[in-house]
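**Q** To be precise about what I am sending: the file is called entry-v4.cif and holds mmCIF, C-alpha atoms and all ligand atoms.
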data_target
#
loop_
_atom_site.label_atom_id
_atom_site.label_comp_id
_atom_site.auth_asym_id
_atom_site.auth_seq_id
_atom_site.Cartn_x
_atom_site.Cartn_y
_atom_site.Cartn_z
CA MET J 28 0.00 0.00 0.00
CA THR J 29 1.40 3.40 -1.04
CA ARG J 30 0.13 6.54 0.69
CA PHE J 31 -0.12 10.03 -0.76
CA ASP J 32 -1.31 13.32 0.67
CA VAL J 33 -3.30 13.89 -2.52
CA ILE J 34 -4.46 11.58 -5.28
CA ILE J 35 -5.66 13.30 -8.45
CA LEU J 36 -7.85 11.32 -10.79
CA GLY J 37 -7.53 12.69 -14.34
CA ALA J 38 -4.58 14.51 -15.88
CA GLY J 39 -6.24 17.04 -18.18
CA PRO J 40 -5.72 20.77 -17.52
CA ALA J 41 -7.51 20.54 -14.15
CA GLY J 42 -5.55 17.52 -12.91
CA SER J 43 -2.13 18.75 -14.04
CA ALA J 44 -2.75 22.22 -12.57
CA ALA J 45 -3.77 20.60 -9.28
CA ALA J 46 -0.67 18.37 -9.31
CA VAL J 47 1.80 21.22 -9.94
CA THR J 48 0.17 23.35 -7.23
CA ALA J 49 0.07 20.54 -4.66
CA ARG J 50 3.72 19.66 -5.29
CA ARG J 51 4.70 23.31 -4.92
CA ALA J 52 2.98 23.24 -1.50
CA GLY J 53 5.17 20.27 -0.53
CA LEU J 54 2.49 17.57 -0.69
CA SER J 55 3.07 14.04 -1.95
CA VAL J 56 0.94 13.61 -5.07
CA ALA J 57 -0.15 10.78 -7.36
CA VAL J 58 -1.82 11.51 -10.69
CA ILE J 59 -3.86 8.69 -12.22
CA ASP J 60 -5.13 8.81 -15.79
CA LYS J 61 -6.61 5.96 -17.78
CA ALA J 62 -4.78 7.30 -20.86
CA ARG J 63 -1.11 7.56 -21.64
CA PHE J 64 0.08 10.92 -22.91
CA PRO J 65 -0.08 12.24 -25.52
CA ARG J 66 -3.75 11.29 -25.86
CA ALA J 67 -6.62 12.61 -27.96
CA LYS J 68 -9.13 15.00 -26.38
CA LEU J 69 -11.99 16.43 -28.39
CA CYS J 70 -11.75 20.21 -28.08
CA GLY J 71 -11.65 23.34 -30.22
CA GLY J 72 -8.37 24.18 -28.55
CA LEU J 73 -9.21 27.88 -28.27
CA PHE J 74 -7.00 29.13 -25.47
CA THR J 75 -8.23 32.51 -24.26
CA GLY J 76 -6.36 35.35 -22.62
CA ARG J 77 -7.92 34.16 -19.38
CA ALA J 78 -6.42 30.69 -19.92
CA GLN J 79 -3.07 32.23 -20.79
CA GLY J 80 -3.05 34.20 -17.51
CA TYR J 81 -3.88 31.11 -15.43
CA TYR J 82 -1.37 29.00 -17.34
CA GLN J 83 1.44 31.45 -16.62
CA GLU J 84 0.43 31.80 -12.99
CA ILE J 85 0.11 28.06 -12.33
CA PHE J 86 2.72 26.45 -14.59
CA GLN J 87 5.05 29.47 -14.44
CA HIS J 88 5.91 29.30 -18.11
CA THR J 89 5.23 31.48 -21.11
CA LEU J 90 3.30 30.01 -24.04
CA ASP J 91 5.41 28.04 -26.49
CA PRO J 92 4.62 29.60 -29.91
CA GLN J 93 5.08 26.17 -31.51
CA LEU J 94 2.05 24.90 -29.58
CA PHE J 95 -0.06 28.06 -29.21
CA GLU J 96 -0.75 30.09 -32.36
CA PRO J 97 -2.02 33.64 -31.76
CA ARG J 98 -5.12 34.77 -33.68
CA ASP J 99 -6.59 38.28 -33.59
CA ARG J 100 -9.02 38.27 -36.53
CA PHE J 101 -12.62 37.17 -36.00
CA ALA J 102 -15.71 36.79 -38.19
CA PHE J 103 -19.23 36.34 -36.80
CA HIS J 104 -22.24 34.92 -38.64
CA LEU J 105 -25.91 34.32 -37.93
CA ASP J 106 -28.22 32.33 -40.28
CA GLY J 107 -25.33 32.26 -42.76
CA THR J 108 -25.30 36.08 -42.86
CA PRO J 109 -22.14 37.93 -41.80
CA LEU J 110 -22.53 40.01 -38.64
CA GLY J 111 -19.22 41.70 -39.33
CA GLY J 112 -15.72 40.95 -38.25
CA SER J 113 -13.35 42.37 -35.80
CA GLU J 114 -9.70 42.68 -35.02
CA HIS J 115 -8.83 42.59 -31.38
CA THR J 116 -5.73 43.82 -29.65
CA LEU J 117 -5.52 40.93 -27.22
CA PRO J 118 -5.25 37.74 -29.26
CA VAL J 119 -6.64 34.33 -28.45
CA TYR J 120 -4.49 31.25 -29.11
CA LEU J 121 -5.25 28.04 -30.94
CA THR J 122 -3.73 24.79 -29.81
CA MET J 123 -4.14 21.03 -30.14
CA ARG J 124 -5.02 19.23 -26.92
CA TRP J 125 -2.86 16.30 -28.00
CA ASP J 126 0.19 18.56 -27.54
CA MET J 127 -1.06 20.85 -24.81
CA ASP J 128 -2.19 18.20 -22.34
CA ARG J 129 1.05 16.25 -22.82
CA LEU J 130 2.98 19.43 -21.99
CA LEU J 131 0.92 20.12 -18.84
CA PHE J 132 1.22 16.52 -17.69
CA GLU J 133 5.00 16.60 -18.21
CA ARG J 134 5.15 19.71 -16.03
CA ALA J 135 3.22 17.87 -13.31
CA VAL J 136 5.61 14.92 -13.39
CA GLN J 137 8.65 17.23 -13.50
CA ALA J 138 7.26 18.93 -10.38
CA GLY J 139 7.45 15.55 -8.64
CA ALA J 140 3.98 14.05 -9.01
CA SER J 141 4.00 10.24 -9.21
CA ASP J 142 2.94 9.14 -12.67
CA TYR J 143 0.09 6.62 -12.82
CA SER J 144 -0.92 7.38 -16.41
CA GLY J 145 -2.20 4.45 -18.44
CA CYS J 146 -3.82 2.99 -15.28
CA ARG J 147 -7.49 2.16 -14.84
CA VAL J 148 -9.16 2.49 -11.47
CA THR J 149 -10.85 -0.78 -10.60
CA GLU J 150 -12.05 0.30 -7.16
CA LEU J 151 -12.69 3.68 -5.64
CA ASP J 152 -13.42 3.37 -1.91
CA LEU J 153 -14.25 6.82 -0.57
CA ALA J 154 -14.89 5.56 2.97
CA ALA J 155 -11.48 3.83 3.21
CA GLN J 156 -9.80 6.68 1.22
CA ARG J 157 -8.33 4.11 -1.09
CA VAL J 158 -7.98 3.57 -4.84
CA GLU J 159 -7.17 0.27 -6.50
CA LEU J 160 -5.68 0.08 -9.99
CA ASP J 161 -6.02 -2.56 -12.69
CA ASP J 162 -2.52 -3.96 -11.99
CA GLY J 163 -3.50 -4.61 -8.36
CA THR J 164 -1.70 -1.53 -6.95
CA ALA J 165 -3.51 0.00 -3.98
CA LEU J 166 -3.06 3.68 -3.14
CA GLU J 167 -4.30 5.60 -0.10
CA TYR J 168 -4.92 9.33 0.16
CA LEU J 169 -5.81 12.05 2.63
CA ILE J 170 -7.51 14.10 -0.09
CA LEU J 171 -8.89 13.01 -3.46
CA ILE J 172 -9.26 15.48 -6.33
CA GLY J 173 -11.65 14.33 -9.06
CA ALA J 174 -10.38 15.98 -12.26
CA ASP J 175 -11.65 13.19 -14.45
CA GLY J 176 -13.77 15.16 -16.87
CA VAL J 177 -17.44 15.41 -17.74
CA GLN J 178 -18.18 11.71 -17.11
CA SER J 179 -16.37 11.87 -13.77
CA ARG J 180 -16.21 8.64 -11.84
CA VAL J 181 -15.53 10.59 -8.66
CA ALA J 182 -18.70 12.69 -9.17
CA ARG J 183 -20.66 9.48 -9.75
CA ALA J 184 -19.27 7.99 -6.54
CA LEU J 185 -20.28 11.12 -4.64
CA PHE J 186 -23.60 12.03 -6.20
CA GLY J 187 -24.82 8.97 -8.11
CA GLN J 188 -24.34 10.61 -11.53
CA SER J 189 -21.70 12.80 -13.10
CA PHE J 190 -24.19 15.15 -14.79
CA ASP J 191 -27.80 15.59 -15.80
CA LYS J 192 -28.05 14.90 -19.56
CA ALA J 193 -31.12 17.10 -19.82
CA ARG J 194 -29.13 20.15 -18.73
CA ILE J 195 -25.72 19.85 -20.34
CA GLY J 196 -24.29 20.24 -23.82
CA PHE J 197 -23.05 18.01 -26.58
CA ALA J 198 -20.58 18.91 -29.33
CA LEU J 199 -19.33 17.40 -32.58
CA GLU J 200 -16.04 18.16 -34.24
CA VAL J 201 -13.89 17.30 -37.24
CA GLU J 202 -10.27 18.08 -38.00
CA ALA J 203 -10.47 19.29 -41.63
CA PRO J 204 -7.43 20.10 -43.76
CA PRO J 205 -5.50 23.28 -42.91
CA GLN J 206 -6.26 26.55 -44.73
CA PRO J 207 -2.93 28.38 -44.70
CA ASP J 208 -4.43 31.50 -46.33
CA ASN J 209 -7.28 31.85 -43.84
CA PRO J 210 -6.20 33.05 -40.36
CA VAL J 211 -9.73 34.10 -39.29
CA VAL J 212 -11.49 32.58 -36.26
CA ARG J 213 -15.11 32.13 -37.34
CA ILE J 214 -18.12 31.85 -35.02
CA ASP J 215 -21.65 31.01 -36.30
CA PHE J 216 -24.19 31.75 -33.61
CA ASP J 217 -27.02 29.64 -35.02
CA ALA J 218 -25.14 26.56 -36.27
CA ALA J 219 -26.59 24.75 -33.23
CA SER J 220 -29.53 25.63 -30.98
CA TRP J 221 -28.46 27.22 -27.70
CA GLY J 222 -24.88 26.97 -28.85
CA TYR J 223 -22.83 27.83 -31.89
CA GLY J 224 -20.50 26.61 -34.62
CA TRP J 225 -16.80 27.31 -34.97
CA GLN J 226 -14.06 27.18 -37.52
CA PHE J 227 -10.59 27.47 -35.99
CA PRO J 228 -7.69 27.70 -38.45
CA LYS J 229 -4.62 25.96 -37.08
CA ARG J 230 -1.23 25.14 -38.53
CA GLY J 231 -1.91 21.44 -39.12
CA SER J 232 -5.70 21.41 -39.49
CA THR J 233 -8.91 23.41 -39.42
CA THR J 234 -11.04 22.47 -36.44
CA ILE J 235 -14.73 22.67 -37.36
CA GLY J 236 -17.41 21.97 -34.79
CA ILE J 237 -20.84 22.70 -33.44
CA GLY J 238 -22.09 22.39 -29.90
CA GLY J 239 -25.11 23.36 -27.88
CA LEU J 240 -27.54 22.16 -25.26
CA GLN J 241 -28.03 18.45 -25.88
CA ALA J 242 -31.80 18.61 -25.25
CA GLU J 243 -32.22 21.34 -27.90
CA ASN J 244 -30.18 19.57 -30.60
CA PRO J 245 -31.64 16.14 -31.38
CA GLU J 246 -30.44 16.43 -35.01
CA ILE J 247 -26.93 17.56 -34.29
CA GLN J 248 -25.30 15.25 -36.89
CA ALA J 249 -27.45 16.76 -39.65
CA ARG J 250 -26.71 20.27 -38.42
CA LEU J 251 -22.98 19.62 -38.53
CA ALA J 252 -23.35 18.35 -42.11
CA THR J 253 -25.22 21.56 -43.04
CA TYR J 254 -22.58 23.68 -41.35
CA ARG J 255 -19.70 21.90 -43.07
CA ALA J 256 -21.42 22.35 -46.44
CA GLN J 257 -21.81 26.06 -45.66
CA LEU J 258 -18.06 26.24 -44.98
CA ASP J 259 -17.30 24.25 -48.18
CA ASP J 260 -15.71 21.49 -46.14
CA ALA J 261 -16.02 18.34 -48.24
CA SER J 262 -13.23 16.49 -46.43
CA THR J 263 -13.72 12.93 -45.24
CA ALA J 264 -12.51 13.80 -41.74
CA ARG J 265 -14.02 11.61 -39.01
CA VAL J 266 -16.77 13.20 -36.92
CA LYS J 267 -16.34 12.79 -33.15
CA GLY J 268 -18.67 13.80 -30.33
CA HIS J 269 -18.31 14.59 -26.65
CA PHE J 270 -20.46 15.90 -23.80
CA LEU J 271 -19.83 19.38 -22.49
CA PRO J 272 -21.07 20.47 -19.03
CA PHE J 273 -22.39 23.67 -20.53
CA GLY J 274 -23.43 25.66 -17.47
CA ASP J 275 -24.67 22.83 -15.26
CA TYR J 276 -22.02 23.34 -12.65
CA ARG J 277 -21.88 21.81 -9.16
CA ARG J 278 -22.99 24.26 -6.50
CA VAL J 279 -21.23 22.02 -3.95
CA PRO J 280 -18.13 20.71 -5.75
CA GLY J 281 -17.30 17.72 -3.59
CA ARG J 282 -17.70 16.34 -0.11
CA ALA J 283 -15.34 16.70 2.90
CA ALA J 284 -11.91 15.49 1.65
CA VAL J 285 -13.07 14.80 -1.92
CA LEU J 286 -12.99 17.76 -4.33
CA LEU J 287 -14.15 18.08 -7.95
CA ALA J 288 -12.33 20.34 -10.43
CA GLY J 289 -12.75 21.31 -14.08
CA ASP J 290 -15.39 19.51 -16.15
CA ALA J 291 -15.96 17.07 -13.28
CA ALA J 292 -17.47 20.06 -11.42
CA GLY J 293 -19.15 21.43 -14.57
CA PHE J 294 -16.98 24.55 -14.72
CA VAL J 295 -17.60 25.38 -18.39
CA ASP J 296 -18.84 28.73 -19.67
CA PRO J 297 -22.45 28.22 -20.87
CA ILE J 298 -22.10 30.86 -23.60
CA THR J 299 -18.65 30.33 -25.08
CA GLY J 300 -18.06 26.71 -24.04
CA GLU J 301 -14.69 27.73 -22.62
CA GLY J 302 -13.53 25.17 -20.07
CA ILE J 303 -9.72 25.02 -20.17
CA ALA J 304 -9.22 28.20 -18.13
CA TYR J 305 -11.67 27.25 -15.39
CA ALA J 306 -10.25 23.71 -15.34
CA MET J 307 -6.74 24.98 -14.61
CA LYS J 308 -7.93 27.56 -12.08
CA SER J 309 -10.21 25.18 -10.19
CA GLY J 310 -7.46 22.53 -10.17
CA GLN J 311 -5.13 25.07 -8.61
CA LEU J 312 -7.74 26.13 -6.03
CA ALA J 313 -8.53 22.51 -5.13
CA ALA J 314 -4.84 21.82 -4.51
CA ASP J 315 -4.48 25.02 -2.46
CA ALA J 316 -7.46 23.98 -0.34
CA ALA J 317 -5.98 20.50 0.09
CA ALA J 318 -2.67 21.98 1.27
CA THR J 319 -4.38 24.28 3.78
CA ALA J 320 -6.57 21.48 5.17
CA ILE J 321 -3.66 19.03 5.49
CA ARG J 322 -1.43 21.63 7.17
CA ALA J 323 -4.19 22.22 9.71
CA GLY J 324 -4.38 18.46 10.29
CA GLN J 325 -8.02 18.48 9.13
CA PRO J 326 -8.27 17.01 5.61
CA ASP J 327 -12.06 16.84 5.95
CA THR J 328 -12.26 20.64 5.92
CA ALA J 329 -10.86 20.78 2.36
CA LEU J 330 -14.27 21.16 0.72
CA ARG J 331 -15.25 24.02 3.04
CA ILE J 332 -12.08 25.90 2.02
CA TYR J 333 -12.37 25.02 -1.67
CA ALA J 334 -16.06 25.97 -1.83
CA ARG J 335 -15.15 29.49 -0.67
CA GLN J 336 -12.32 29.81 -3.17
CA VAL J 337 -14.25 28.69 -6.27
CA ARG J 338 -17.08 31.13 -5.64
CA PRO J 339 -15.79 33.68 -8.22
CA ILE J 340 -15.85 30.95 -10.91
CA GLN J 341 -19.36 29.89 -9.90
CA ARG J 342 -20.49 33.52 -9.87
CA SER J 343 -19.22 34.03 -13.44
CA LEU J 344 -20.99 30.86 -14.59
CA ARG J 345 -24.19 31.91 -12.84
CA LEU J 346 -24.15 35.32 -14.54
CA ALA J 347 -23.37 33.70 -17.90
CA CYS J 348 -26.44 31.47 -17.42
CA VAL J 349 -28.53 34.61 -16.87
CA LEU J 350 -27.07 36.26 -19.99
CA ARG J 351 -27.36 33.15 -22.15
CA PRO J 352 -30.97 33.75 -23.34
CA LEU J 353 -29.93 37.16 -24.61
CA ILE J 354 -27.74 35.44 -27.19
CA PHE J 355 -29.41 32.10 -27.79
CA ALA J 356 -33.17 32.35 -27.09
CA PRO J 357 -35.12 32.38 -30.40
CA ARG J 358 -37.24 35.30 -29.13
CA ALA J 359 -34.13 37.38 -28.48
CA ARG J 360 -32.58 36.66 -31.88
CA PRO J 361 -33.76 39.78 -33.75
CA PHE J 362 -32.55 41.98 -30.91
CA PHE J 363 -29.22 40.14 -30.72
CA ARG J 364 -28.73 40.27 -34.51
CA ARG J 365 -29.33 44.03 -34.60
CA ALA J 366 -27.18 44.76 -31.57
CA PHE J 367 -24.30 42.57 -32.66
CA ALA J 368 -24.25 43.58 -36.34
CA SER J 369 -24.54 47.31 -35.74
CA SER J 370 -22.46 47.83 -32.65
CA THR J 371 -18.70 47.59 -32.45
CA THR J 372 -19.13 47.99 -28.68
CA VAL J 373 -21.13 44.74 -28.42
CA LYS J 374 -18.60 42.87 -30.58
CA HIS J 375 -15.80 44.36 -28.56
CA ALA J 376 -17.49 43.34 -25.29
CA TYR J 377 -17.89 39.75 -26.57
CA LEU J 378 -14.23 39.59 -27.61
CA SER J 379 -13.05 41.23 -24.40
CA MET J 380 -14.89 38.55 -22.49
CA LEU J 381 -13.44 35.84 -24.71
CA SER J 382 -9.92 37.18 -24.44
CA GLY J 383 -10.15 37.42 -20.66
CA GLU J 384 -9.94 41.22 -20.48
CA ILE J 385 -13.22 41.42 -18.59
CA GLU J 386 -15.29 38.93 -16.60
CA TYR J 387 -19.06 38.41 -16.57
CA PRO J 388 -19.85 40.69 -13.62
CA ARG J 389 -18.39 43.66 -15.53
CA LEU J 390 -19.96 42.58 -18.83
CA MET J 391 -23.32 42.27 -17.10
CA TRP J 392 -23.01 45.78 -15.76
CA LEU J 393 -22.12 47.16 -19.22
CA ILE J 394 -25.15 45.44 -20.75
CA ALA J 395 -27.54 46.34 -17.96
CA ARG J 396 -26.78 50.02 -18.54
CA ARG J 397 -28.01 49.74 -22.15
CA ILE J 398 -31.13 47.60 -21.79
CA PRO J 399 -34.37 48.94 -20.35
CA ALA J 400 -35.51 46.96 -17.31
CA ALA J 401 -38.70 45.67 -18.97
CA VAL J 402 -36.79 44.20 -21.94
CA TRP J 403 -34.31 42.71 -19.56
CA ARG J 404 -37.07 40.96 -17.56
CA ARG J 405 -38.62 39.58 -20.76
CA LEU J 406 -35.28 38.23 -21.98
CA ARG J 407 -34.62 36.54 -18.67
CA ARG J 408 -38.02 34.84 -18.90
CA ALA J 409 -37.17 33.66 -22.45
C1 LIG I 501 -16.05 19.59 -28.78
C2 LIG I 501 -15.53 20.42 -27.65
C3 LIG I 501 -14.87 21.61 -27.93
C4 LIG I 501 -14.33 22.37 -26.88
N1 LIG I 501 -13.64 23.51 -27.19
C5 LIG I 501 -13.08 24.24 -26.21
C6 LIG I 501 -12.26 25.37 -26.53
O1 LIG I 501 -12.03 25.68 -27.70
N2 LIG I 501 -11.72 26.09 -25.50
C7 LIG I 501 -11.94 25.75 -24.19
O2 LIG I 501 -11.44 26.45 -23.30
N3 LIG I 501 -12.70 24.66 -23.87
C8 LIG I 501 -13.23 23.90 -24.83
N4 LIG I 501 -13.95 22.77 -24.51
C9 LIG I 501 -14.08 22.39 -23.09
C10 LIG I 501 -12.77 21.76 -22.60
O3 LIG I 501 -12.37 20.74 -23.49
C11 LIG I 501 -12.94 21.17 -21.19
O4 LIG I 501 -13.63 22.09 -20.39
C12 LIG I 501 -11.60 20.84 -20.55
O5 LIG I 501 -10.95 19.83 -21.26
C13 LIG I 501 -11.78 20.41 -19.10
O6 LIG I 501 -10.55 19.96 -18.57
P1 LIG I 501 -10.55 18.85 -17.42
O7 LIG I 501 -9.12 18.70 -17.03
O8 LIG I 501 -11.54 19.17 -16.40
O9 LIG I 501 -11.07 17.51 -18.13
P2 LIG I 501 -10.50 16.71 -19.36
O10 LIG I 501 -9.70 17.58 -20.24
O11 LIG I 501 -11.67 16.00 -19.95
O12 LIG I 501 -9.51 15.64 -18.70
C14 LIG I 501 -10.01 14.58 -17.93
C15 LIG I 501 -8.95 13.50 -17.86
O13 LIG I 501 -9.42 12.47 -16.99
C16 LIG I 501 -9.13 11.21 -17.56
N5 LIG I 501 -10.13 10.28 -17.03
C17 LIG I 501 -11.46 10.27 -17.25
N6 LIG I 501 -12.05 9.28 -16.56
C18 LIG I 501 -11.06 8.63 -15.90
C19 LIG I 501 -11.03 7.51 -15.03
N7 LIG I 501 -12.15 6.85 -14.67
N8 LIG I 501 -9.84 7.11 -14.54
C20 LIG I 501 -8.70 7.75 -14.87
N9 LIG I 501 -8.67 8.83 -15.70
C21 LIG I 501 -9.84 9.26 -16.18
C22 LIG I 501 -9.20 11.42 -19.06
O14 LIG I 501 -8.41 10.45 -19.75
C23 LIG I 501 -8.64 12.84 -19.20
O15 LIG I 501 -7.24 12.83 -19.43
C24 LIG I 501 -14.50 21.97 -25.53
C25 LIG I 501 -15.17 20.77 -25.25
C26 LIG I 501 -15.67 20.00 -26.29
C27 LIG I 501 -16.37 18.71 -25.97
#
Output the file's structure in the form of structure tokens.
Ligand SMILES: Cc1cc2nc3c(=O)[nH]c(=O)nc-3n(C[C@H](O)[C@H](O)[C@H](O)COP(=O)(O)OP(=O)(O)OC[C@H]3O[C@@H](n4cnc5c(N)ncnc54)[C@H](O)[C@@H]3O)c2cc1C
**A**
Amino acid sequence: MTRFDVIILGAGPAGSAAAVTARRAGLSVAVIDKARFPRAKLCGGLFTGRAQGYYQEIFQHTLDPQLFEPRDRFAFHLDGTPLGGSEHTLPVYLTMRWDMDRLLFERAVQAGASDYSGCRVTELDLAAQRVELDDGTALEYLILIGADGVQSRVARALFGQSFDKARIGFALEVEAPPQPDNPVVRIDFDAASWGYGWQFPKRGSTTIGIGGLQAENPEIQARLATYRAQLDDASTARVKGHFLPFGDYRRVPGRAAVLLAGDAAGFVDPITGEGIAYAMKSGQLAADAAATAIRAGQPDTALRIYARQVRPIQRSLRLACVLRPLIFAPRARPFFRRAFASSTTVKHAYLSMLSGEIEYPRLMWLIARRIPAAVWRRLRRA
């Protein structure tokens, strides 16, 4: 039996951020992932300014330009009609998760985390604080961090299910051939219902996808086909799908000495679908909380500490849920189309939010100043 202060299940951005942070605090750490790295992860790979800030803070490295390509030109569409484009001073970055997650995991191992990648968990005993792996290895922990994504086994062990399918999102993606002459990030607001479509031009491919609330998109395969035709993508690239916890976040992200971070806690922006930034930040906060609780000799208080620290993330997600009908509700569409097409301020606000220059509380305030209260109430009802 090997004992660790912290066991982290899942080595995506949340798990690796948690591992680096916990090691920096002097804790003994094991990271378990069923995959070996590099591994595929379905994702647009849009890395915002917010993600960049957290990455530098947590991993203490600047972005490697080989892995993160800056993009500052954007084009927006609705019903196939252009809503105008924009250039933005703060760029976003495009990356491939294959490369990015390998890099983050390497940093975690370099920081001293024990590497249990390529291992399946055969038993997760929360009462005994023990994990058993498929090769018979048994590991004990004081604190468990569930960073094992949207279908989290840790969340299932705690709450019976990882998510409510009726409330979360689903997305499809293809990696189409690269378009070296097209550096524009394209967003199509109506490619999916209560979601959008994207075309992200990268060095080695063009990532095309659509995603939205699963309950609102029963014909998502057909909608992707329509979208690809609209973009003149006739490639034979394989279509892949994945759930996205699109705004259905955990109000209580764990229990006692078991904490959930990233997608496992549902920390994904319900408007933009951005999850990498919140995954890294919540992983860091979970590890910080673990360190504080262990230092105090009270591992069971970890959730209480973590719950306080993740409140700003939850607040942003809550406000984004309130704003979401303004962009996606069919009744709000004419208003949104007019506002977005005619106003550089609205486009700028959207991009500022995307790039991490402002957060939802500030955006909400900017919008609230422009919308009469009665319209606002109607939109919220929609
Ligand atoms: C189609 C699509 C497009 C997206 N595009 C973007 C985007 O452009 N920008 C953005 O910011 N976000 C995007 N997201 C969201 C983003 O991918 C996630 O929010 C982010 O990956 C969450 O990180 P995580 O570390 O919490 O989980 P993950 O990245 O899912 O990592 C979880 C890890 O846990 C491991 N694991 C799972 N179960 C087990 C188990 N039982 N035992 C051991 N290991 C396990 C997995 O192998 C994986 O390595 C997109 C999501 C989808 C589906």
**Q** List all protein, DNA and RNA residues that have an atom no more than 6 Å from any atom of ligand LIG 501 (chain I), counting only C-alpha atoms and all ligand atoms, and report them as an MDAnalysis selection string.
**A** chainID J and resid 36:42 59:62 69:74 147:148 174:176 179:180 198:200 269:271 289:291 295 300:304 306
**Q** List the spatial neighbours of Leu130 in chain J as an NGL selection string - criterion: any atom at most 12 Å away, only C-alpha atoms, same-chain residues fewer than 3 positions off excluded.
**A** :J and (38-40 or 43-44 or 64-66 or 82 or 86 or 88 or 90-91 or 93-95 or 122-127 or 133-137)
**Q** For the selection you just gave me, I'd like the residues written to a file as a PDB file, in the coordinates of the input, keeping C-alpha atoms.
**A**
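Contents of again-v7.pdb, as written:
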ATOM      1  CA  ALA J  38      -4.580  14.510 -15.880  1.00  0.00           C
ATOM      2  CA  GLY J  39      -6.240  17.040 -18.180  1.00  0.00           C
ATOM      3  CA  PRO J  40      -5.720  20.770 -17.520  1.00  0.00           C
ATOM      4  CA  SER J  43      -2.130  18.750 -14.040  1.00  0.00           C
ATOM      5  CA  ALA J  44      -2.750  22.220 -12.570  1.00  0.00           C
ATOM      6  CA  PHE J  64       0.080  10.920 -22.910  1.00  0.00           C
ATOM      7  CA  PRO J  65      -0.080  12.240 -25.520  1.00  0.00           C
ATOM      8  CA  ARG J  66      -3.750  11.290 -25.860  1.00  0.00           C
ATOM      9  CA  TYR J  82      -1.370  29.000 -17.340  1.00  0.00           C
ATOM     10  CA  PHE J  86       2.720  26.450 -14.590  1.00  0.00           C
ATOM     11  CA  HIS J  88       5.910  29.300 -18.110  1.00  0.00           C
ATOM     12  CA  LEU J  90       3.300  30.010 -24.040  1.00  0.00           C
ATOM     13  CA  ASP J  91       5.410  28.040 -26.490  1.00  0.00           C
ATOM     14  CA  GLN J  93       5.080  26.170 -31.510  1.00  0.00           C
ATOM     15  CA  LEU J  94       2.050  24.900 -29.580  1.00  0.00           C
ATOM     16  CA  PHE J  95      -0.060  28.060 -29.210  1.00  0.00           C
ATOM     17  CA  THR J 122      -3.730  24.790 -29.810  1.00  0.00           C
ATOM     18  CA  MET J 123      -4.140  21.030 -30.140  1.00  0.00           C
ATOM     19  CA  ARG J 124      -5.020  19.230 -26.920  1.00  0.00           C
ATOM     20  CA  TRP J 125      -2.860  16.300 -28.000  1.00  0.00           C
ATOM     21  CA  ASP J 126       0.190  18.560 -27.540  1.00  0.00           C
ATOM     22  CA  MET J 127      -1.060  20.850 -24.810  1.00  0.00           C
ATOM     23  CA  GLU J 133       5.000  16.600 -18.210  1.00  0.00           C
ATOM     24  CA  ARG J 134       5.150  19.710 -16.030  1.00  0.00           C
ATOM     25  CA  ALA J 135       3.220  17.870 -13.310  1.00  0.00           C
ATOM     26  CA  VAL J 136       5.610  14.920 -13.390  1.00  0.00           C
ATOM     27  CA  GLN J 137       8.650  17.230 -13.500  1.00  0.00           C
TER      28      GLN J 137
END
**Q** Extract, using all atoms listed in the file, all DNA, RNA and protein residues at most 10 Å from range 151-161 of chain J, discarding same-chain residues fewer than 2 positions from it, and format them as a VMD selection string.
**A** chain J and resid 28 to 30 34 36 59 61 143 145 to 149 163 to 171 180 to 181 184 to 185 284 to 285
**Q** Tell me which of J:Arg322, J:Arg50, J:Arg365, J:His115 sits closest to Ile85 in chain J, counting all atoms listed in the file.
**A** J:Arg50
**Q** So that I can check the surroundings of Ile195 in chain J, please list as a list in words every protein, DNA and RNA residue that reaches within 8 Å of it, counting all atoms listed in the file and ignoring chain neighbours fewer than 3 positions away.
**A**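 The residues satisfying every condition are Phe190, Asp191, Lys192, Leu240, Gln241, Ala242, Phe270, Leu271, Pro272, Phe273, Gly274 and Asp275 of chain J.
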**Q** Between CA of Ser189 in chain J and CA of Arg342 in chain J, what is the distance in Å, rounded to a tenth?
**A**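 Separation of CA of Ser189 in chain J and CA of Arg342 in chain J: 21.0 Å.
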**Q** CA of Ala102 in chain J to CA of Gly222 in chain J: how many Å, to one decimal?
**A**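 Interatomic distance here is 16.4 Å.
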**Q** If we count only C-alpha atoms and set the cut-off at 9 Å, which residues sit around Ile340 in chain J, ignoring sequence neighbours fewer than 2 positions away in its own chain? Please answer as a ChimeraX atom specification.
**A** /J:294,305,308-309,336-338,342-345
**Q** Restricting the calculation to only C-alpha atoms: of J:Glu384, J:Asp217, J:Asp315, J:Glu246, which residue gets closest to Leu105 in chain J?
**A** J:Asp217
**Q** Using only C-alpha atoms, which of the listed residues (J:Val201, J:Leu54, J:Ala138, J:Met380) sits closest to Phe227 in chain J?
**A**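 Once distances to Phe227 in chain J are computed over only C-alpha atoms, the minimum belongs to J:Val201.
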